[in-house]
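J.: One file is attached below, run_5.txt, containing compact mmCIF, C-alpha atoms (C1' of nucleotides).
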# COMPACT_ATOMS: atom_id res chain seq x y z
CA MET A 235 -185.21 -87.71 -17.98
CA ASN A 236 -186.05 -84.81 -20.28
CA LEU A 237 -184.96 -85.00 -23.88
CA GLY A 238 -183.13 -81.69 -23.83
CA LEU A 239 -180.83 -82.77 -21.05
CA LEU A 240 -180.24 -86.11 -22.76
CA CYS A 241 -179.17 -84.24 -25.86
CA PHE A 242 -176.87 -82.09 -23.79
CA ILE A 243 -175.11 -85.08 -22.27
CA ALA A 244 -174.37 -86.56 -25.68
CA TYR A 245 -173.29 -83.22 -27.09
CA ARG A 246 -170.96 -82.49 -24.24
CA ALA A 247 -169.33 -85.89 -24.54
CA MET A 248 -168.58 -85.17 -28.18
CA GLU A 249 -167.30 -81.67 -27.52
CA THR A 250 -165.08 -82.85 -24.71
CA GLU A 251 -163.51 -85.51 -26.91
CA VAL A 252 -162.93 -83.09 -29.76
CA MET A 253 -161.39 -80.42 -27.56
CA LYS A 254 -159.15 -82.98 -25.90
CA ALA A 255 -157.84 -84.31 -29.19
CA VAL A 256 -157.37 -80.83 -30.60
CA ALA A 257 -155.36 -79.82 -27.56
CA GLU A 258 -153.28 -82.98 -27.76
CA ALA A 259 -152.57 -82.28 -31.42
CA GLY A 260 -150.79 -79.12 -30.29
CA PHE A 261 -153.60 -76.61 -30.64
CA ASP A 262 -153.80 -76.10 -26.93
CA ASP A 263 -154.61 -72.42 -27.14
CA LEU A 264 -158.02 -72.97 -28.69
CA THR A 265 -160.89 -72.43 -26.27
CA VAL A 266 -164.34 -73.96 -26.31
CA ALA A 267 -166.01 -70.65 -27.14
CA GLN A 268 -163.62 -70.06 -30.02
CA GLY A 269 -164.25 -73.56 -31.29
CA ARG A 270 -168.00 -73.18 -31.17
CA LEU A 271 -167.82 -70.07 -33.26
CA ALA A 272 -165.20 -71.40 -35.67
CA ALA A 273 -167.34 -74.47 -36.29
CA ARG A 274 -169.76 -72.21 -38.15
CA ILE A 275 -167.28 -70.85 -40.66
CA GLY A 276 -168.27 -72.00 -44.14
CA PRO A 277 -165.88 -73.11 -46.89
CA GLU A 278 -166.13 -69.76 -48.69
CA GLY A 279 -165.86 -67.72 -45.52
CA THR A 280 -168.64 -66.31 -43.39
CA ARG A 281 -169.56 -62.82 -42.26
CA LEU A 282 -169.14 -61.91 -38.64
CA THR A 283 -172.82 -61.12 -38.29
CA ASP A 284 -173.79 -64.52 -39.67
CA LEU A 285 -171.39 -66.26 -37.33
CA ALA A 286 -172.86 -64.37 -34.40
CA GLU A 287 -176.39 -65.23 -35.43
CA GLN A 288 -175.75 -68.92 -35.90
CA ALA A 289 -173.74 -69.27 -32.72
CA GLN A 290 -176.35 -67.18 -30.93
CA VAL A 291 -174.03 -64.60 -29.49
CA THR A 292 -173.85 -60.86 -30.07
CA LYS A 293 -171.78 -59.32 -32.84
CA GLN A 294 -169.43 -57.96 -30.20
CA THR A 295 -168.82 -61.37 -28.70
CA ALA A 296 -168.27 -62.86 -32.14
CA GLY A 297 -165.84 -60.05 -32.94
CA PHE A 298 -163.98 -60.64 -29.70
CA LEU A 299 -163.61 -64.34 -30.46
CA VAL A 300 -162.62 -63.81 -34.10
CA ASP A 301 -159.96 -61.32 -32.94
CA GLN A 302 -158.44 -64.08 -30.85
CA LEU A 303 -158.74 -66.68 -33.60
CA GLU A 304 -157.08 -64.29 -36.00
CA ARG A 305 -154.26 -63.43 -33.63
CA ALA A 306 -153.64 -67.14 -33.07
CA GLY A 307 -153.51 -67.73 -36.82
CA TYR A 308 -156.61 -69.89 -37.14
CA VAL A 309 -158.60 -67.56 -39.37
CA THR A 310 -158.15 -64.52 -41.58
CA ARG A 311 -160.43 -61.62 -42.41
CA THR A 312 -160.77 -60.73 -46.05
CA PRO A 313 -162.92 -58.02 -47.62
CA ASP A 314 -166.29 -59.19 -48.88
CA PRO A 315 -166.28 -58.40 -52.62
CA THR A 316 -170.04 -57.93 -52.59
CA ASP A 317 -170.23 -55.50 -49.68
CA ALA A 318 -167.64 -52.94 -48.68
CA ARG A 319 -168.90 -52.86 -45.11
CA ALA A 320 -168.46 -56.54 -44.58
CA ARG A 321 -165.48 -58.85 -44.21
CA LEU A 322 -165.41 -62.59 -44.61
CA VAL A 323 -163.93 -64.71 -41.87
CA ARG A 324 -162.10 -67.60 -43.50
CA MET A 325 -160.13 -70.54 -42.24
CA ALA A 326 -156.37 -70.10 -42.39
CA PRO A 327 -154.18 -73.17 -42.98
CA ARG A 328 -153.75 -73.55 -39.24
CA GLY A 329 -157.52 -73.49 -38.90
CA GLU A 330 -157.92 -76.14 -41.58
CA ALA A 331 -155.50 -78.34 -39.66
CA VAL A 332 -157.70 -78.09 -36.60
CA VAL A 333 -160.79 -78.87 -38.61
CA ALA A 334 -159.10 -82.01 -39.90
CA VAL A 335 -158.36 -83.18 -36.37
CA ALA A 336 -161.89 -82.38 -35.24
CA ARG A 337 -163.44 -84.25 -38.16
CA GLU A 338 -161.39 -87.33 -37.36
CA VAL A 339 -162.55 -87.33 -33.77
CA GLU A 340 -166.15 -86.82 -34.77
CA VAL A 341 -165.95 -89.82 -37.06
CA ARG A 342 -164.30 -91.92 -34.37
CA VAL A 343 -166.82 -90.98 -31.69
CA GLU A 344 -169.74 -91.56 -34.02
CA ALA A 345 -168.30 -94.98 -34.76
CA GLU A 346 -168.21 -95.70 -31.03
CA TRP A 347 -171.80 -94.59 -30.68
CA THR A 348 -172.77 -96.78 -33.60
CA ARG A 349 -171.02 -99.73 -32.03
CA HIS A 350 -173.03 -99.15 -28.87
CA LEU A 351 -176.41 -98.44 -30.44
CA GLY A 352 -176.26 -100.44 -33.62
CA LYS A 353 -176.34 -99.15 -37.16
CA ARG A 354 -180.07 -98.98 -37.45
CA ALA A 355 -180.67 -97.08 -34.20
CA THR A 356 -177.85 -94.65 -34.98
CA ALA A 357 -179.33 -93.89 -38.37
CA GLN A 358 -182.69 -93.30 -36.74
CA LEU A 359 -181.06 -91.04 -34.15
CA ARG A 360 -179.45 -88.93 -36.84
CA SER A 361 -182.64 -88.83 -38.81
CA ALA A 362 -184.71 -87.74 -35.82
CA LEU A 363 -182.27 -85.01 -34.78
CA THR A 364 -181.98 -83.76 -38.32
CA SER A 365 -185.73 -83.60 -38.65
CA LEU A 366 -185.94 -81.77 -35.34
CA ARG A 367 -183.80 -78.98 -36.72
CA GLU A 368 -186.79 -77.95 -38.78
CA ILE A 369 -188.48 -76.74 -35.63
CA THR A 370 -185.50 -76.03 -33.35
CA ASP A 371 -182.93 -74.40 -35.61
CA PRO A 372 -183.81 -71.06 -37.19
CA TYR A 373 -180.74 -71.38 -39.44
CA ALA A 374 -181.35 -74.90 -40.68
CA MET B 1403 -173.79 -82.94 -40.00
CA ASN B 1404 -172.10 -84.47 -36.98
CA LEU B 1405 -174.24 -86.03 -34.30
CA GLY B 1406 -172.79 -83.98 -31.50
CA LEU B 1407 -173.74 -80.70 -33.10
CA LEU B 1408 -177.21 -82.05 -33.89
CA CYS B 1409 -177.64 -82.86 -30.22
CA PHE B 1410 -176.48 -79.39 -29.30
CA ILE B 1411 -179.05 -77.73 -31.53
CA ALA B 1412 -181.89 -79.66 -29.94
CA TYR B 1413 -180.58 -79.10 -26.44
CA ARG B 1414 -180.18 -75.39 -26.93
CA ALA B 1415 -183.70 -75.07 -28.28
CA MET B 1416 -185.03 -76.71 -25.13
CA GLU B 1417 -182.87 -74.64 -22.81
CA THR B 1418 -183.84 -71.42 -24.53
CA GLU B 1419 -187.54 -72.21 -24.17
CA VAL B 1420 -187.18 -73.11 -20.52
CA MET B 1421 -185.18 -70.01 -19.65
CA LYS B 1422 -187.63 -67.81 -21.50
CA ALA B 1423 -190.63 -69.22 -19.66
CA VAL B 1424 -188.86 -69.07 -16.31
CA ALA B 1425 -188.00 -65.42 -16.87
CA GLU B 1426 -191.56 -64.65 -17.95
CA ALA B 1427 -192.87 -66.34 -14.81
CA GLY B 1428 -191.06 -63.66 -12.82
CA PHE B 1429 -187.81 -65.48 -12.08
CA ASP B 1430 -185.84 -63.13 -14.26
CA ASP B 1431 -182.76 -63.11 -12.06
CA LEU B 1432 -181.94 -66.75 -12.76
CA THR B 1433 -179.02 -67.21 -15.15
CA VAL B 1434 -178.31 -70.11 -17.44
CA ALA B 1435 -175.29 -71.23 -15.44
CA GLN B 1436 -177.29 -71.18 -12.21
CA GLY B 1437 -180.05 -73.16 -13.88
CA ARG B 1438 -177.68 -75.80 -15.20
CA LEU B 1439 -176.30 -76.37 -11.75
CA ALA B 1440 -179.64 -76.25 -9.97
CA ALA B 1441 -181.01 -78.85 -12.39
CA ARG B 1442 -178.75 -81.39 -10.68
CA ILE B 1443 -180.07 -80.90 -7.19
CA GLY B 1444 -181.76 -84.09 -6.01
CA PRO B 1445 -184.97 -84.32 -3.96
CA GLU B 1446 -183.06 -84.97 -0.74
CA GLY B 1447 -180.43 -82.33 -1.42
CA THR B 1448 -177.05 -82.74 -3.03
CA ARG B 1449 -173.51 -82.01 -1.92
CA LEU B 1450 -171.62 -79.19 -3.54
CA THR B 1451 -168.90 -81.52 -4.74
CA ASP B 1452 -171.45 -83.81 -6.39
CA LEU B 1453 -173.11 -80.86 -8.08
CA ALA B 1454 -169.77 -79.69 -9.39
CA GLU B 1455 -168.88 -83.13 -10.68
CA GLN B 1456 -172.15 -83.70 -12.45
CA ALA B 1457 -172.26 -80.24 -13.97
CA GLN B 1458 -168.58 -80.58 -14.87
CA VAL B 1459 -167.39 -77.41 -13.26
CA THR B 1460 -164.92 -76.89 -10.45
CA LYS B 1461 -165.96 -76.86 -6.81
CA GLN B 1462 -165.21 -73.14 -6.74
CA THR B 1463 -167.52 -72.40 -9.63
CA ALA B 1464 -170.25 -74.52 -8.09
CA GLY B 1465 -169.80 -72.70 -4.78
CA PHE B 1466 -169.96 -69.36 -6.54
CA LEU B 1467 -173.23 -70.29 -8.25
CA VAL B 1468 -174.79 -71.80 -5.13
CA ASP B 1469 -173.94 -68.61 -3.24
CA GLN B 1470 -175.98 -66.68 -5.77
CA LEU B 1471 -178.83 -69.17 -5.76
CA GLU B 1472 -178.91 -69.03 -1.98
CA ARG B 1473 -178.87 -65.24 -1.87
CA ALA B 1474 -181.73 -65.15 -4.37
CA GLY B 1475 -183.73 -67.59 -2.24
CA TYR B 1476 -183.77 -70.53 -4.65
CA VAL B 1477 -181.84 -72.97 -2.47
CA THR B 1478 -180.71 -73.45 1.11
CA ARG B 1479 -177.65 -75.09 2.58
CA THR B 1480 -178.21 -77.50 5.44
CA PRO B 1481 -175.65 -79.56 7.34
CA ASP B 1482 -175.19 -83.11 6.09
CA PRO B 1483 -176.05 -85.35 9.06
CA THR B 1484 -173.68 -88.03 7.83
CA ASP B 1485 -170.62 -85.84 7.36
CA ALA B 1486 -169.74 -82.79 9.41
CA ARG B 1487 -167.60 -81.36 6.61
CA ALA B 1488 -170.39 -81.42 4.07
CA ARG B 1489 -173.54 -79.42 3.55
CA LEU B 1490 -176.51 -80.38 1.45
CA VAL B 1491 -177.82 -77.96 -1.13
CA ARG B 1492 -181.60 -78.23 -1.18
CA MET B 1493 -184.35 -76.55 -3.12
CA ALA B 1494 -186.14 -73.77 -1.26
CA PRO B 1495 -189.83 -73.13 -1.99
CA ARG B 1496 -188.87 -70.48 -4.51
CA GLY B 1497 -186.65 -73.04 -6.19
CA GLU B 1498 -189.45 -75.60 -6.30
CA ALA B 1499 -191.62 -73.01 -8.02
CA VAL B 1500 -189.03 -72.62 -10.76
CA VAL B 1501 -188.73 -76.36 -11.14
CA ALA B 1502 -192.48 -76.56 -11.64
CA VAL B 1503 -192.35 -73.99 -14.43
CA ALA B 1504 -189.40 -75.72 -16.05
CA ARG B 1505 -191.09 -79.13 -15.94
CA GLU B 1506 -194.15 -77.70 -17.64
CA VAL B 1507 -192.11 -76.26 -20.47
CA GLU B 1508 -190.17 -79.47 -20.90
CA VAL B 1509 -193.39 -81.39 -21.24
CA ARG B 1510 -194.78 -78.88 -23.71
CA VAL B 1511 -191.64 -78.84 -25.87
CA GLU B 1512 -191.40 -82.62 -25.85
CA ALA B 1513 -195.02 -82.72 -27.00
CA GLU B 1514 -194.11 -80.40 -29.87
CA TRP B 1515 -191.19 -82.61 -30.81
CA THR B 1516 -193.43 -85.65 -30.66
CA ARG B 1517 -195.95 -83.95 -32.91
CA HIS B 1518 -193.18 -83.29 -35.40
CA LEU B 1519 -191.43 -86.66 -35.25
CA GLY B 1520 -194.25 -88.99 -34.38
CA LYS B 1521 -194.65 -91.06 -31.26
CA ARG B 1522 -192.60 -93.97 -32.43
CA ALA B 1523 -189.57 -91.95 -33.56
CA THR B 1524 -189.64 -89.87 -30.37
CA ALA B 1525 -189.61 -92.99 -28.25
CA GLN B 1526 -186.68 -94.30 -30.26
CA LEU B 1527 -184.88 -90.97 -29.87
CA ARG B 1528 -185.26 -91.07 -26.13
CA SER B 1529 -184.22 -94.67 -26.01
CA ALA B 1530 -181.11 -94.06 -28.10
CA LEU B 1531 -180.03 -91.02 -26.08
CA THR B 1532 -180.64 -92.84 -22.82
CA SER B 1533 -178.61 -95.79 -23.99
CA LEU B 1534 -175.84 -93.44 -25.08
CA ARG B 1535 -175.48 -92.17 -21.54
CA GLU B 1536 -173.90 -95.49 -20.69
CA ILE B 1537 -170.84 -94.47 -22.67
CA THR B 1538 -171.06 -90.67 -22.54
CA ASP B 1539 -172.13 -89.89 -18.98
CA PRO B 1540 -169.81 -90.88 -16.16
CA TYR B 1541 -172.60 -90.13 -13.68
CA ALA B 1542 -175.36 -92.08 -15.32
C1' DC C 1139 -154.48 -94.62 19.32
C1' DG C 1140 -151.81 -91.55 16.15
C1' DA C 1141 -149.68 -90.18 11.79
C1' DC C 1142 -150.88 -89.91 7.01
C1' DT C 1143 -154.00 -89.43 3.24
C1' DT C 1144 -158.34 -88.32 1.30
C1' DT C 1145 -162.37 -85.57 0.91
C1' DG C 1146 -165.80 -81.46 1.38
C1' DG C 1147 -165.55 -76.96 1.13
C1' DT C 1148 -163.79 -71.95 1.10
C1' DA C 1149 -160.73 -67.70 -0.17
C1' DC C 1150 -158.24 -65.01 -3.46
C1' DG C 1151 -156.82 -63.52 -7.85
C1' DA C 1152 -156.73 -63.81 -12.79
C1' DT C 1153 -158.73 -64.82 -17.19
C1' DT C 1154 -162.35 -65.61 -20.40
C1' DC C 1155 -166.80 -64.85 -22.11
C1' DT C 1156 -170.66 -62.17 -22.65
C1' DC C 1157 -173.72 -58.30 -22.82
C1' DT C 1158 -175.51 -53.16 -23.33
C1' DG C 1159 -174.96 -48.87 -25.31
C1' DA C 1160 -172.93 -45.88 -28.47
C1' DC C 1161 -170.69 -45.06 -32.73
C1' DT C 1162 -168.83 -45.17 -37.95
C1' DA C 1163 -169.25 -46.46 -42.58
C1' DT C 1164 -171.56 -48.54 -46.32
C1' DA C 1165 -176.03 -50.22 -48.56
C1' DT C 1166 -180.67 -50.04 -49.57
C1' DT C 1167 -185.11 -47.97 -50.28
C1' DG C 1168 -188.44 -44.60 -51.53
C1' DC D 157 -181.08 -37.28 -52.47
C1' DA D 158 -182.94 -38.32 -47.69
C1' DA D 159 -184.19 -41.77 -44.52
C1' DT D 160 -183.38 -46.12 -42.83
C1' DA D 161 -181.12 -50.55 -42.32
C1' DT D 162 -176.98 -53.32 -42.02
C1' DA D 163 -171.82 -54.66 -41.05
C1' DG D 164 -168.75 -53.98 -37.88
C1' DT D 165 -166.01 -51.63 -34.02
C1' DC D 166 -165.05 -49.36 -29.40
C1' DA D 167 -165.59 -48.92 -24.50
C1' DG D 168 -167.12 -50.48 -20.15
C1' DA D 169 -169.12 -53.69 -17.05
C1' DG D 170 -170.90 -58.02 -15.23
C1' DA D 171 -170.94 -63.16 -15.17
C1' DA D 172 -168.65 -67.54 -15.29
C1' DT D 173 -164.72 -70.12 -14.92
C1' DC D 174 -160.29 -71.71 -13.44
C1' DG D 175 -155.64 -72.40 -10.67
C1' DT D 176 -153.44 -72.17 -6.45
C1' DA D 177 -153.63 -72.37 -1.85
C1' DC D 178 -155.75 -73.38 2.27
C1' DC D 179 -158.71 -75.41 6.45
C1' DA D 180 -161.32 -78.90 8.81
C1' DA D 181 -163.42 -83.34 9.17
C1' DA D 182 -163.15 -88.43 7.69
C1' DG D 183 -161.01 -92.43 6.61
C1' DT D 184 -156.87 -95.64 6.70
C1' DC D 185 -153.39 -98.32 8.50
C1' DG D 186 -149.38 -99.49 11.31
Please re-express this file's structure in structure tokens.

T.:
Amino acid sequence: MNLGLLCFIAYRAMETEVMKAVAEAGFDDLTVAQGRLAARIGPEGTRLTDLAEQAQVTKQTAGFLVDQLERAGYVTRTPDPTDARARLVRMAPRGEAVVAVAREVEVRVEAEWTRHLGKRATAQLRSALTSLREITDPYA
Amino acid sequence: MNLGLLCFIAYRAMETEVMKAVAEAGFDDLTVAQGRLAARIGPEGTRLTDLAEQAQVTKQTAGFLVDQLERAGYVTRTPDPTDARARLVRMAPRGEAVVAVAREVEVRVEAEWTRHLGKRATAQLRSALTSLREITDPYA
DNA sequence: CGACTTTGGTACGATTCTCTGACTATATTG
DNA sequence: CAATATAGTCAGAGAATCGTACCAAAGTCG
């Protein structure tokens, strides 16, 4: 089977677990698309355009999703002190709470994968995928 | 960075390349969602319900996408000889042509990845991801 | 066999996601 | 300062997805 599809299967398993746990933790209004975008928000906040670029959607789509995230209290928009045109999307406390849940699940799932593959093979997997970013991820 | 997201980055790179080549080969009406579903069609044809299950969408969504694929000439629906309720979705010649293009790109991209990672690491990557399916893919 | 349950698929309506095109305001560059 | 590029929004439309409800054929079991 082709490597891309194999990657997809693993990715989807992780995303499904995360979204399930997040919903069970009470954040049941968060959608997959919102989550994918929010996952790109940096600790100091990120511009809408950067979010759009990294998530590979248009500015309009990113704006649409951030509107929803903002209305639901997950993020806030603050002026960018270095550019009056721009605004920084930042995590609100409610957003941080979701991130905490997501991180926990990621750790748990990775532990399960490690149990299945072994420590050595898991480390190699991470190393290979990280190295691949050099040629597959324009924002690495 | 978490393993799931790393998988996603690699997967998306592959999908983007495939869709680009397919569009350039003249199949510019094929959408990503249609492609994801069509990728699950087996050589002897596959039932709509099975397609939906494997692609993790509802039967309705699968039906909606197959309708489009059929109208565009990529697939046909034939009665399932073993079950009068069911119909098998099969590749039409136009669909086979797309598959050929996609396979070529997959091979090319995997070769690029191998060039970057080395033969040994690529083999380990494939092996790890394949092994992971045992715990991440209910349809493995 | 005949009632009940399961399974394969469709129909309808609503919602979510996404894009294209056009536009405003601020920054940058020459 | 004039020309151009960048950050973001608005409006409208198309694509993808789901939930509910339904029908018809299979399978199950008394």

J.: Wanna dump the chain A-chain C contacts at 12 Å for me, each residue with its shortest atom pair and the distance in Å to one decimal, counting all atoms listed in the file, ordered by chain and number, as CSV?

T.:
residue,atom,partner,partner_atom,distance
A:Leu264,CA,C:DT1154,C1',11.9
A:Thr265,CA,C:DT1154,C1',9.1
A:Val266,CA,C:DC1155,C1',10.3
A:Ala267,CA,C:DC1155,C1',7.7
A:Gln268,CA,C:DC1155,C1',10.0
A:Gln290,CA,C:DT1156,C1',11.2
A:Val291,CA,C:DT1156,C1',8.0
A:Thr292,CA,C:DC1157,C1',7.7
A:Lys293,CA,C:DC1157,C1',10.3
A:Gln294,CA,C:DC1157,C1',8.5
A:Thr295,CA,C:DT1156,C1',6.4
A:Ala296,CA,C:DT1156,C1',9.8
A:Gly297,CA,C:DT1156,C1',11.6
A:Phe298,CA,C:DC1155,C1',9.1
A:Leu299,CA,C:DC1155,C1',9.0
A:Gln302,CA,C:DT1154,C1',11.3
A:Thr316,CA,C:DA1165,C1',10.6
A:Asp317,CA,C:DT1164,C1',7.8
A:Ala318,CA,C:DT1164,C1',6.3
A:Arg319,CA,C:DT1164,C1',5.2
A:Ala320,CA,C:DT1164,C1',8.8

J.: Dump as an mmCIF file with C-alpha atoms, keeping the file's coordinate frame the residues of chain A that approach chain B to within 8 Å, counting all atoms listed in the file.

T.:
data_model
loop_
_atom_site.group_PDB
_atom_site.id
_atom_site.type_symbol
_atom_site.label_atom_id
_atom_site.label_comp_id
_atom_site.auth_asym_id
_atom_site.auth_seq_id
_atom_site.Cartn_x
_atom_site.Cartn_y
_atom_site.Cartn_z
ATOM 1 C CA ASN A 236 -186.050 -84.810 -20.280
ATOM 2 C CA LEU A 237 -184.960 -85.000 -23.880
ATOM 3 C CA GLY A 238 -183.130 -81.690 -23.830
ATOM 4 C CA LEU A 239 -180.830 -82.770 -21.050
ATOM 5 C CA LEU A 240 -180.240 -86.110 -22.760
ATOM 6 C CA CYS A 241 -179.170 -84.240 -25.860
ATOM 7 C CA PHE A 242 -176.870 -82.090 -23.790
ATOM 8 C CA ILE A 243 -175.110 -85.080 -22.270
ATOM 9 C CA ALA A 244 -174.370 -86.560 -25.680
ATOM 10 C CA TYR A 245 -173.290 -83.220 -27.090
ATOM 11 C CA ARG A 246 -170.960 -82.490 -24.240
ATOM 12 C CA ALA A 247 -169.330 -85.890 -24.540
ATOM 13 C CA MET A 248 -168.580 -85.170 -28.180
ATOM 14 C CA GLU A 249 -167.300 -81.670 -27.520
ATOM 15 C CA GLU A 340 -166.150 -86.820 -34.770
ATOM 16 C CA GLU A 344 -169.740 -91.560 -34.020
ATOM 17 C CA TRP A 347 -171.800 -94.590 -30.680
ATOM 18 C CA HIS A 350 -173.030 -99.150 -28.870
ATOM 19 C CA LEU A 351 -176.410 -98.440 -30.440
ATOM 20 C CA ALA A 355 -180.670 -97.080 -34.200
ATOM 21 C CA THR A 356 -177.850 -94.650 -34.980
ATOM 22 C CA GLN A 358 -182.690 -93.300 -36.740
ATOM 23 C CA LEU A 359 -181.060 -91.040 -34.150
ATOM 24 C CA ARG A 360 -179.450 -88.930 -36.840
ATOM 25 C CA ALA A 362 -184.710 -87.740 -35.820
ATOM 26 C CA LEU A 363 -182.270 -85.010 -34.780
ATOM 27 C CA THR A 364 -181.980 -83.760 -38.320
ATOM 28 C CA SER A 365 -185.730 -83.600 -38.650
ATOM 29 C CA LEU A 366 -185.940 -81.770 -35.340
ATOM 30 C CA ARG A 367 -183.800 -78.980 -36.720
ATOM 31 C CA THR A 370 -185.500 -76.030 -33.350
ATOM 32 C CA ASP A 371 -182.930 -74.400 -35.610
#

J.: Go through chain D and flag each residue having an atom no more than 10 Å from chain A; for those, report the closest pair of atoms plus their distance in Å to one decimal, using only C-alpha atoms (C1' of nucleotides), ordered by chain and rising number, as a tab-separated table.

T.:
residue	atom	partner	partner_atom	distance
D:DT162	C1'	A:Arg319	CA	8.7
D:DA163	C1'	A:Ala320	CA	5.2
D:DG164	C1'	A:Ala320	CA	7.2
D:DT165	C1'	A:Gln294	CA	8.1
D:DC166	C1'	A:Gln294	CA	9.7

J.: Between atom CA of Glu1498 of chain B and atom CA of Tyr1541 of chain B, what is the distance in Å, rounded to a tenth?

T.: 23.4 Å

J.: Counting all atoms listed in the file, what is within 8 Å of Leu285 of chain A, bar same-chain residues fewer than 6 positions away, as a PDB file with C-alpha atoms, keeping the file's coordinate frame?

T.:
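Final file, result.pdb:
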ATOM      1  CA  LEU A 271    -167.820 -70.070 -33.260  1.00  0.00           C
ATOM      2  CA  ARG A 274    -169.760 -72.210 -38.150  1.00  0.00           C
ATOM      3  CA  ILE A 275    -167.280 -70.850 -40.660  1.00  0.00           C
ATOM      4  CA  ALA A 296    -168.270 -62.860 -32.140  1.00  0.00           C
TER       5      ALA A 296
END

J.: Please indicate the distance in Å from atom CA of Ala336 of chain A to atom CA of Val256 of chain A, rounded to one decimal place.

T.: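 Atom-to-atom, atom CA of Ala336 of chain A and atom CA of Val256 of chain A are spaced 6.7 Å apart.
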
J.: Separation of atom C1' of DC174 of chain D and atom CA of Gly260 of chain A, in Å?

T.: 20.7 Å

J.: If I only have part of segment 352-366 of chain A, can you fill in N, CA and C atoms and write it as a PDB file, in the frame of the given file?

T.:
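Result saved to selection02.pdb:
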ATOM      1  N   GLY A 352    -175.904 -99.693 -32.418  1.00  0.00           N
ATOM      2  CA  GLY A 352    -176.260-100.440 -33.620  1.00  0.00           C
ATOM      3  C   GLY A 352    -176.469 -99.479 -34.781  1.00  0.00           C
ATOM      4  N   LYS A 353    -176.265 -99.993 -35.971  1.00  0.00           N
ATOM      5  CA  LYS A 353    -176.340 -99.150 -37.160  1.00  0.00           C
ATOM      6  C   LYS A 353    -177.728 -98.546 -37.345  1.00  0.00           C
ATOM      7  N   ARG A 354    -178.712 -99.407 -37.190  1.00  0.00           N
ATOM      8  CA  ARG A 354    -180.070 -98.980 -37.450  1.00  0.00           C
ATOM      9  C   ARG A 354    -180.505 -97.858 -36.500  1.00  0.00           C
ATOM     10  N   ALA A 355    -180.261 -98.067 -35.200  1.00  0.00           N
ATOM     11  CA  ALA A 355    -180.670 -97.080 -34.200  1.00  0.00           C
ATOM     12  C   ALA A 355    -179.907 -95.771 -34.383  1.00  0.00           C
ATOM     13  N   THR A 356    -178.635 -95.857 -34.761  1.00  0.00           N
ATOM     14  CA  THR A 356    -177.850 -94.650 -34.980  1.00  0.00           C
ATOM     15  C   THR A 356    -178.402 -93.850 -36.161  1.00  0.00           C
ATOM     16  N   ALA A 357    -178.752 -94.562 -37.208  1.00  0.00           N
ATOM     17  CA  ALA A 357    -179.330 -93.890 -38.370  1.00  0.00           C
ATOM     18  C   ALA A 357    -180.640 -93.206 -37.993  1.00  0.00           C
ATOM     19  N   GLN A 358    -181.429 -93.890 -37.178  1.00  0.00           N
ATOM     20  CA  GLN A 358    -182.690 -93.300 -36.740  1.00  0.00           C
ATOM     21  C   GLN A 358    -182.445 -92.071 -35.863  1.00  0.00           C
ATOM     22  N   LEU A 359    -181.414 -92.171 -35.012  1.00  0.00           N
ATOM     23  CA  LEU A 359    -181.060 -91.040 -34.150  1.00  0.00           C
ATOM     24  C   LEU A 359    -180.709 -89.819 -35.005  1.00  0.00           C
ATOM     25  N   ARG A 360    -179.850 -90.039 -35.969  1.00  0.00           N
ATOM     26  CA  ARG A 360    -179.450 -88.930 -36.840  1.00  0.00           C
ATOM     27  C   ARG A 360    -180.656 -88.365 -37.583  1.00  0.00           C
ATOM     28  N   SER A 361    -181.475 -89.259 -38.063  1.00  0.00           N
ATOM     29  CA  SER A 361    -182.640 -88.830 -38.810  1.00  0.00           C
ATOM     30  C   SER A 361    -183.588 -87.997 -37.942  1.00  0.00           C
ATOM     31  N   ALA A 362    -183.809 -88.459 -36.716  1.00  0.00           N
ATOM     32  CA  ALA A 362    -184.710 -87.740 -35.820  1.00  0.00           C
ATOM     33  C   ALA A 362    -184.156 -86.356 -35.485  1.00  0.00           C
ATOM     34  N   LEU A 363    -182.869 -86.295 -35.157  1.00  0.00           N
ATOM     35  CA  LEU A 363    -182.270 -85.010 -34.780  1.00  0.00           C
ATOM     36  C   LEU A 363    -182.247 -84.060 -35.965  1.00  0.00           C
ATOM     37  N   THR A 364    -181.990 -84.602 -37.130  1.00  0.00           N
ATOM     38  CA  THR A 364    -181.980 -83.760 -38.320  1.00  0.00           C
ATOM     39  C   THR A 364    -183.376 -83.202 -38.599  1.00  0.00           C
ATOM     40  N   SER A 365    -184.353 -84.051 -38.452  1.00  0.00           N
ATOM     41  CA  SER A 365    -185.730 -83.600 -38.650  1.00  0.00           C
ATOM     42  C   SER A 365    -186.112 -82.546 -37.616  1.00  0.00           C
ATOM     43  N   LEU A 366    -185.628 -82.721 -36.407  1.00  0.00           N
ATOM     44  CA  LEU A 366    -185.940 -81.770 -35.340  1.00  0.00           C
ATOM     45  C   LEU A 366    -185.440 -80.368 -35.653  1.00  0.00           C
TER      46      LEU A 366
END
